[in-house]
Amino acid sequence: KDDCLVYIKDQLLPSIDMSSMLMEVEKLLPPHLMEEIDGIFIGSFDENEERSLEAHYESGAIYITSDLASNHDYVENIVHETAHAIEGRMGLTIYGDGKLEGEFLGKRERLAARIKAEGFDISGLDFGDPEYSKKLDLFLYEEIGYKKLSSLTMGLFYSPYASTSLREYFANGFEAYFLGQREYLPKISQHLFIKLEEIITGE
């Protein structure tokens, strides 16, 4: 987007070519998807550090840590956070009919059954809540572990991170649409793919 401010607050790693990275983002994302983003700020930010995030979106701006190793890491984060920016403007379109939430919670239910079948104790964990839960997140990534979780989410979610919450399910799908295996997405997440096509193509 032509009027989007890019401000580098702290020094980047030598491996980063900021101008080519921004050109790649411009090629990937149609301008109408960037309407909510007024600025991209790169550096050290308290919220990222407190929540162990590489990036977050807030009030029209994307805040990204300055210690990412490659251009692609920055592109991934900008694409992902653009999805969260779009949620603010098109939340009713994305979530209003309940289809995306229904698809997500159906997958969560099947994931819970798989985890239980592996012998993990899931009592006290609410797999039926579409909102982010720190308790569930810690269980998935610390008690089960990323490698095991990758196996358990296969065929249900595009990536393990998509199982974290309904909002991350949407953002992960948006990222997969532009940067991943787009043709695989409708095979496992039909309603998500339909919503993405509707938003991205404007049809």
# chains A, B, ... in the order shown; residues from 1 in each chain; ligands from 1

call {"tool": "residues_around", "arguments": {"residues": "Tyr74 in chain A", "least_positions_apart": "6", "cutoff": "10 Å", "atoms": "only C-alpha atoms", "output": "ChimeraX atom specification"}}
result
/A:16,18,21-22,25,42,54-55,64-68,80

call {"tool": "write_last_selection", "arguments": {"atoms": "N, CA and C atoms", "output": "compact mmCIF listing (two decimals), in the first residue's frame"}}
result
# COMPACT_ATOMS: atom_id res chain seq x y z
N ILE A 16 18.95 -9.29 5.99
CA ILE A 16 17.65 -8.75 5.57
C ILE A 16 17.81 -7.66 4.52
N MET A 18 15.40 -5.13 3.14
CA MET A 18 14.07 -4.62 3.42
C MET A 18 13.30 -4.23 2.15
N MET A 21 12.06 -7.31 0.35
CA MET A 21 11.03 -7.95 1.16
C MET A 21 9.69 -7.24 0.97
N LEU A 22 9.71 -5.91 1.02
CA LEU A 22 8.46 -5.14 0.86
C LEU A 22 7.89 -5.29 -0.55
N VAL A 25 5.96 -8.51 -0.63
CA VAL A 25 4.65 -8.36 0.01
C VAL A 25 3.67 -7.68 -0.96
N ILE A 42 9.23 -2.05 12.89
CA ILE A 42 10.15 -3.17 13.09
C ILE A 42 11.15 -2.81 14.19
N GLU A 54 6.53 -13.06 17.43
CA GLU A 54 7.38 -12.43 16.42
C GLU A 54 6.73 -11.15 15.92
N ALA A 55 5.38 -11.11 15.95
CA ALA A 55 4.66 -9.93 15.46
C ALA A 55 3.26 -9.89 16.05
N ILE A 64 6.69 -5.80 14.36
CA ILE A 64 7.48 -7.01 14.13
C ILE A 64 8.85 -6.88 14.80
N THR A 65 9.29 -7.96 15.39
CA THR A 65 10.61 -7.97 16.00
C THR A 65 11.69 -7.79 14.94
N SER A 66 12.81 -7.21 15.33
CA SER A 66 13.87 -6.90 14.35
C SER A 66 14.95 -7.97 14.27
N ASP A 67 14.74 -9.11 14.93
CA ASP A 67 15.79 -10.14 14.92
C ASP A 67 15.43 -11.36 14.09
N LEU A 68 14.48 -11.22 13.15
CA LEU A 68 14.15 -12.33 12.27
C LEU A 68 15.28 -12.57 11.28
N HIS A 80 0.45 -12.85 7.76
CA HIS A 80 -0.35 -13.38 8.87
C HIS A 80 -1.07 -12.25 9.62

call {"tool": "residues_around", "arguments": {"residues": "range 164-169 of chain A", "least_positions_apart": "2", "cutoff": "6 Å", "atoms": "only C-alpha atoms", "output": "PDB file with N, CA and C atoms, in the first residue's frame"}}
result
ATOM      1  N   PRO A 130     -13.873 -21.476  21.135  1.00  0.00           N
ATOM      2  CA  PRO A 130     -13.113 -21.029  19.955  1.00  0.00           C
ATOM      3  C   PRO A 130     -12.079 -19.943  20.248  1.00  0.00           C
ATOM      4  N   GLU A 131     -12.170 -19.330  21.442  1.00  0.00           N
ATOM      5  CA  GLU A 131     -11.231 -18.263  21.788  1.00  0.00           C
ATOM      6  C   GLU A 131      -9.892 -18.844  22.253  1.00  0.00           C
ATOM      7  N   TYR A 132      -8.869 -18.007  22.193  1.00  0.00           N
ATOM      8  CA  TYR A 132      -7.536 -18.430  22.632  1.00  0.00           C
ATOM      9  C   TYR A 132      -7.528 -18.733  24.129  1.00  0.00           C
ATOM     10  N   TYR A 161      -0.490 -24.710  14.440  1.00  0.00           N
ATOM     11  CA  TYR A 161      -0.828 -23.391  14.981  1.00  0.00           C
ATOM     12  C   TYR A 161      -2.287 -23.022  14.712  1.00  0.00           C
ATOM     13  N   ALA A 162      -2.856 -23.551  13.652  1.00  0.00           N
ATOM     14  CA  ALA A 162      -4.251 -23.266  13.311  1.00  0.00           C
ATOM     15  C   ALA A 162      -5.222 -23.797  14.358  1.00  0.00           C
ATOM     16  N   ALA A 171      -6.364 -16.893  10.277  1.00  0.00           N
ATOM     17  CA  ALA A 171      -5.109 -16.256   9.867  1.00  0.00           C
ATOM     18  C   ALA A 171      -4.125 -17.259   9.279  1.00  0.00           C
ATOM     19  N   ASN A 172      -4.097 -18.456   9.834  1.00  0.00           N
ATOM     20  CA  ASN A 172      -3.216 -19.503   9.311  1.00  0.00           C
ATOM     21  C   ASN A 172      -3.649 -19.909   7.900  1.00  0.00           C
TER      22      ASN A 172
END

call {"tool": "residues_around", "arguments": {"residues": "Glu109 in chain A", "least_positions_apart": "4", "cutoff": "12 Å", "atoms": "only C-alpha atoms", "output": "PyMOL selection string"}}
result
chain A and resi 102-105+113-116+122+125-130+153+156+163

call {"tool": "write_last_selection", "arguments": {"atoms": "N, CA, C and O atoms", "output": "short mmCIF file (atom, residue, chain, number, x, y, z; two decimals), in the first residue's frame"}}
result
data_model
loop_
_atom_site.label_atom_id
_atom_site.label_comp_id
_atom_site.auth_asym_id
_atom_site.auth_seq_id
_atom_site.Cartn_x
_atom_site.Cartn_y
_atom_site.Cartn_z
N GLY A 102 -18.13 -23.44 13.22
CA GLY A 102 -18.58 -24.83 13.24
C GLY A 102 -17.52 -25.77 12.70
O GLY A 102 -17.29 -26.85 13.26
N GLU A 103 -16.89 -25.37 11.59
CA GLU A 103 -15.83 -26.19 11.01
C GLU A 103 -14.66 -26.32 11.97
O GLU A 103 -14.12 -27.41 12.19
N PHE A 104 -14.26 -25.19 12.57
CA PHE A 104 -13.13 -25.18 13.50
C PHE A 104 -13.41 -26.06 14.72
O PHE A 104 -12.57 -26.89 15.10
N LEU A 105 -14.59 -25.90 15.33
CA LEU A 105 -14.89 -26.66 16.54
C LEU A 105 -15.06 -28.15 16.26
O LEU A 105 -14.74 -28.99 17.10
N ALA A 113 -10.28 -36.00 20.64
CA ALA A 113 -10.43 -37.46 20.64
C ALA A 113 -9.09 -38.14 20.32
O ALA A 113 -8.73 -39.15 20.94
N ARG A 114 -8.36 -37.58 19.38
CA ARG A 114 -7.05 -38.15 19.03
C ARG A 114 -6.06 -38.03 20.19
O ARG A 114 -5.31 -38.97 20.47
N ILE A 115 -6.08 -36.88 20.84
CA ILE A 115 -5.17 -36.66 21.97
C ILE A 115 -5.49 -37.61 23.11
O ILE A 115 -4.60 -38.23 23.72
N LYS A 116 -6.77 -37.76 23.40
CA LYS A 116 -7.21 -38.67 24.47
C LYS A 116 -6.82 -40.11 24.15
O LYS A 116 -6.39 -40.86 25.03
N ILE A 122 -6.97 -34.93 29.24
CA ILE A 122 -7.47 -33.64 28.75
C ILE A 122 -8.58 -33.08 29.63
O ILE A 122 -9.25 -32.13 29.26
N LEU A 125 -9.63 -29.14 30.24
CA LEU A 125 -9.31 -28.35 29.04
C LEU A 125 -10.56 -28.23 28.18
O LEU A 125 -11.27 -29.20 27.95
N ASP A 126 -10.86 -27.02 27.72
CA ASP A 126 -12.09 -26.78 26.96
C ASP A 126 -11.76 -26.69 25.47
O ASP A 126 -11.41 -25.63 24.96
N PHE A 127 -11.90 -27.79 24.77
CA PHE A 127 -11.67 -27.82 23.33
C PHE A 127 -12.84 -27.22 22.56
O PHE A 127 -12.75 -27.02 21.36
N GLY A 128 -13.95 -26.93 23.26
CA GLY A 128 -15.13 -26.37 22.63
C GLY A 128 -15.21 -24.86 22.68
O GLY A 128 -16.21 -24.27 22.25
N ASP A 129 -14.17 -24.21 23.17
CA ASP A 129 -14.12 -22.75 23.23
C ASP A 129 -13.28 -22.25 22.04
O ASP A 129 -12.09 -22.57 21.96
N PRO A 130 -13.87 -21.48 21.13
CA PRO A 130 -13.11 -21.03 19.95
C PRO A 130 -12.08 -19.94 20.25
O PRO A 130 -11.22 -19.67 19.42
N THR A 153 -2.50 -33.35 14.36
CA THR A 153 -3.33 -32.38 13.63
C THR A 153 -3.36 -32.65 12.13
O THR A 153 -4.11 -32.00 11.39
N LEU A 156 -6.45 -32.50 9.72
CA LEU A 156 -7.46 -31.67 10.38
C LEU A 156 -7.18 -30.19 10.18
O LEU A 156 -8.07 -29.42 9.80
N SER A 163 -4.77 -24.74 15.17
CA SER A 163 -5.65 -25.32 16.21
C SER A 163 -5.73 -24.45 17.46
O SER A 163 -6.54 -24.70 18.35
#

call {"tool": "closest_residue", "arguments": {"among": "A:Ala176, A:Ile62, A:Ile94, A:Val75", "to": "Ser20 in chain A", "atoms": "only C-alpha atoms"}}
result
A:Val75

call {"tool": "atom_distance", "arguments": {"atom1": "CA of Phe193 in chain A", "atom2": "CA of Gly173 in chain A"}}
result
7.5 Å
